[in-house]
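J.: What follows is a structure written as structure tokens; I'll ask about it next.
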Amino acid sequence: MLKPTAKWGPLVLRVVLGVILIFAALEPVKVFNPAKFVEIVRGMAGSYLPEFLVVAYGYAIPYVELITGVFLVLGLFTRVTGGVVALMFVSYNIGLGLANTDVTFFMDPVAKLIPNKDFGFLTMALALVLTGGGAWAVDNKMKW
């Protein structure tokens with residue numbers, strides 16, 4: 001039997017990760033200048049991915065971040081959304097690791113002395129895949 005306070009965990013995970021994704025999607029370089037974001041993606045993964053995948057990924061990621069962020073805050077399709085978010089963070093970690101050969105894979109490419117925050121976000125998303133949305137998720141009100 002879960003403790004009464006255990007129902008707060010998925011809510012906190014959902015809201016924190018969802019808000020992070022929403023703010024990440026609304027960065028000016030992503031939504032408001034998608035061509036510049038595609039250039040950033042091309043610089044990171046251009047030699048590893050075919051051009052059509054670089055362009056598709058660069059244009060799609062801001063909108064996927066926004067939609068998954070809203071879904072997480074609401075608790076809608078939480079397990080599936082958590083899986084999509086986990087895959088996004090796996091792709092971010094691979095892309096950053098390939099683009100920055102001067103730092104180890106688990107370290108942040110900008111700060112270089114702290115662990116990569118995306119691994120923390122990945123574990124949050126995986127926890128949501130395992131636990132679901134919790135007591136205060138829209139998923140619980142739906143009949144599916």
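Numbering starts fresh at 1 for the residues of each chain in the structure tokens, the chains themselves are lettered A, B, ... in the order given, and ligands are numbered from 1 as they appear.
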If we count only C-alpha atoms, what is near range 125-127 of chain A at a cut-off of 7 Å, once residues fewer than 6 positions away on the same chain are taken out, given as a ChimeraX atom specification?
T.: /A:82-83,85-86
J.: Check range 4-109 of chain A with DSSP on the backbone and list each residue it calls helix (DSSP H, G or I), as a PyMOL selection string.
T.: chain A and resi 4-25+28-31+34-45+51-74+78-99
J.: Would you mind exporting the chosen residues as an mmCIF file, in the first residue's frame, restricted to C-alpha atoms?
T.:
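The resulting file, out19.cif, is reproduced below:
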```
data_model
loop_
_atom_site.group_PDB
_atom_site.id
_atom_site.type_symbol
_atom_site.label_atom_id
_atom_site.label_comp_id
_atom_site.auth_asym_id
_atom_site.auth_seq_id
_atom_site.Cartn_x
_atom_site.Cartn_y
_atom_site.Cartn_z
ATOM 1 C CA PRO A 4 -0.774 8.991 1.164
ATOM 2 C CA THR A 5 2.070 11.303 0.152
ATOM 3 C CA ALA A 6 3.176 8.965 -2.678
ATOM 4 C CA LYS A 7 0.472 10.363 -4.951
ATOM 5 C CA TRP A 8 2.365 13.652 -5.110
ATOM 6 C CA GLY A 9 5.418 12.179 -6.876
ATOM 7 C CA PRO A 10 3.945 11.734 -10.361
ATOM 8 C CA LEU A 11 2.246 15.134 -10.135
ATOM 9 C CA VAL A 12 5.520 16.873 -9.321
ATOM 10 C CA LEU A 13 7.371 14.961 -12.048
ATOM 11 C CA ARG A 14 4.683 15.736 -14.634
ATOM 12 C CA VAL A 15 4.387 19.438 -13.889
ATOM 13 C CA VAL A 16 8.120 20.138 -13.559
ATOM 14 C CA LEU A 17 9.064 18.228 -16.714
ATOM 15 C CA GLY A 18 6.080 19.631 -18.629
ATOM 16 C CA VAL A 19 6.913 23.240 -17.750
ATOM 17 C CA ILE A 20 10.573 22.677 -18.677
ATOM 18 C CA LEU A 21 9.504 21.326 -22.080
ATOM 19 C CA ILE A 22 7.062 24.188 -22.678
ATOM 20 C CA PHE A 23 9.706 26.807 -21.889
ATOM 21 C CA ALA A 24 12.275 24.942 -24.005
ATOM 22 C CA ALA A 25 9.877 24.883 -26.947
ATOM 23 C CA PRO A 28 12.953 32.308 -29.614
ATOM 24 C CA VAL A 29 15.381 30.334 -31.771
ATOM 25 C CA LYS A 30 13.058 27.320 -31.947
ATOM 26 C CA VAL A 31 9.472 28.370 -32.562
ATOM 27 C CA PRO A 34 12.848 27.414 -37.045
ATOM 28 C CA ALA A 35 15.340 27.737 -39.907
ATOM 29 C CA LYS A 36 18.029 28.855 -37.444
ATOM 30 C CA PHE A 37 17.205 25.903 -35.198
ATOM 31 C CA VAL A 38 17.541 23.554 -38.181
ATOM 32 C CA GLU A 39 21.023 25.026 -38.724
ATOM 33 C CA ILE A 40 21.887 24.294 -35.087
ATOM 34 C CA VAL A 41 20.717 20.696 -35.514
ATOM 35 C CA ARG A 42 22.658 20.448 -38.773
ATOM 36 C CA GLY A 43 25.792 21.595 -36.970
ATOM 37 C CA MET A 44 25.345 18.944 -34.301
ATOM 38 C CA ALA A 45 24.197 15.956 -36.358
ATOM 39 C CA GLU A 51 19.777 15.867 -44.645
ATOM 40 C CA PHE A 52 16.046 15.121 -44.787
ATOM 41 C CA LEU A 53 16.144 13.757 -41.204
ATOM 42 C CA VAL A 54 18.058 16.801 -39.969
ATOM 43 C CA VAL A 55 15.454 19.124 -41.473
ATOM 44 C CA ALA A 56 12.487 17.064 -40.262
ATOM 45 C CA TYR A 57 13.930 16.755 -36.754
ATOM 46 C CA GLY A 58 14.809 20.444 -36.578
ATOM 47 C CA TYR A 59 11.345 21.595 -37.594
ATOM 48 C CA ALA A 60 9.450 19.001 -35.525
ATOM 49 C CA ILE A 61 11.226 19.120 -32.156
ATOM 50 C CA PRO A 62 9.914 22.519 -30.953
ATOM 51 C CA TYR A 63 6.319 21.496 -31.603
ATOM 52 C CA VAL A 64 6.774 18.033 -30.110
ATOM 53 C CA GLU A 65 8.292 19.654 -27.012
ATOM 54 C CA LEU A 66 5.342 22.021 -26.728
ATOM 55 C CA ILE A 67 2.678 19.344 -27.203
ATOM 56 C CA THR A 68 4.313 16.840 -24.865
ATOM 57 C CA GLY A 69 4.860 19.569 -22.270
ATOM 58 C CA VAL A 70 1.166 20.484 -22.293
ATOM 59 C CA PHE A 71 0.165 16.809 -22.172
ATOM 60 C CA LEU A 72 2.426 16.216 -19.167
ATOM 61 C CA VAL A 73 1.103 19.220 -17.256
ATOM 62 C CA LEU A 74 -2.440 18.015 -17.851
ATOM 63 C CA THR A 78 1.049 10.245 -19.523
ATOM 64 C CA ARG A 79 2.770 6.927 -20.123
ATOM 65 C CA VAL A 80 2.925 7.369 -23.904
ATOM 66 C CA THR A 81 3.920 11.019 -23.573
ATOM 67 C CA GLY A 82 6.619 10.060 -21.069
ATOM 68 C CA GLY A 83 7.944 7.525 -23.573
ATOM 69 C CA VAL A 84 8.086 10.148 -26.339
ATOM 70 C CA VAL A 85 9.848 12.572 -24.004
ATOM 71 C CA ALA A 86 12.320 9.871 -22.954
ATOM 72 C CA LEU A 87 13.149 9.200 -26.609
ATOM 73 C CA MET A 88 13.637 12.933 -27.186
ATOM 74 C CA PHE A 89 16.117 13.142 -24.316
ATOM 75 C CA VAL A 90 17.958 10.057 -25.564
ATOM 76 C CA SER A 91 18.296 11.780 -28.951
ATOM 77 C CA TYR A 92 19.478 15.008 -27.266
ATOM 78 C CA ASN A 93 22.121 13.135 -25.293
ATOM 79 C CA ILE A 94 23.347 11.292 -28.357
ATOM 80 C CA GLY A 95 23.409 14.493 -30.425
ATOM 81 C CA LEU A 96 25.241 16.486 -27.769
ATOM 82 C CA GLY A 97 27.664 13.642 -27.177
ATOM 83 C CA LEU A 98 28.508 13.354 -30.862
ATOM 84 C CA ALA A 99 28.775 17.099 -31.398
#
```
J.: One decimal, in Å: what's the spacing between CA of Leu76 in chain A and CA of Val129 in chain A?
T.: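 Result for CA of Leu76 in chain A versus CA of Val129 in chain A: 12.3 Å, one decimal.
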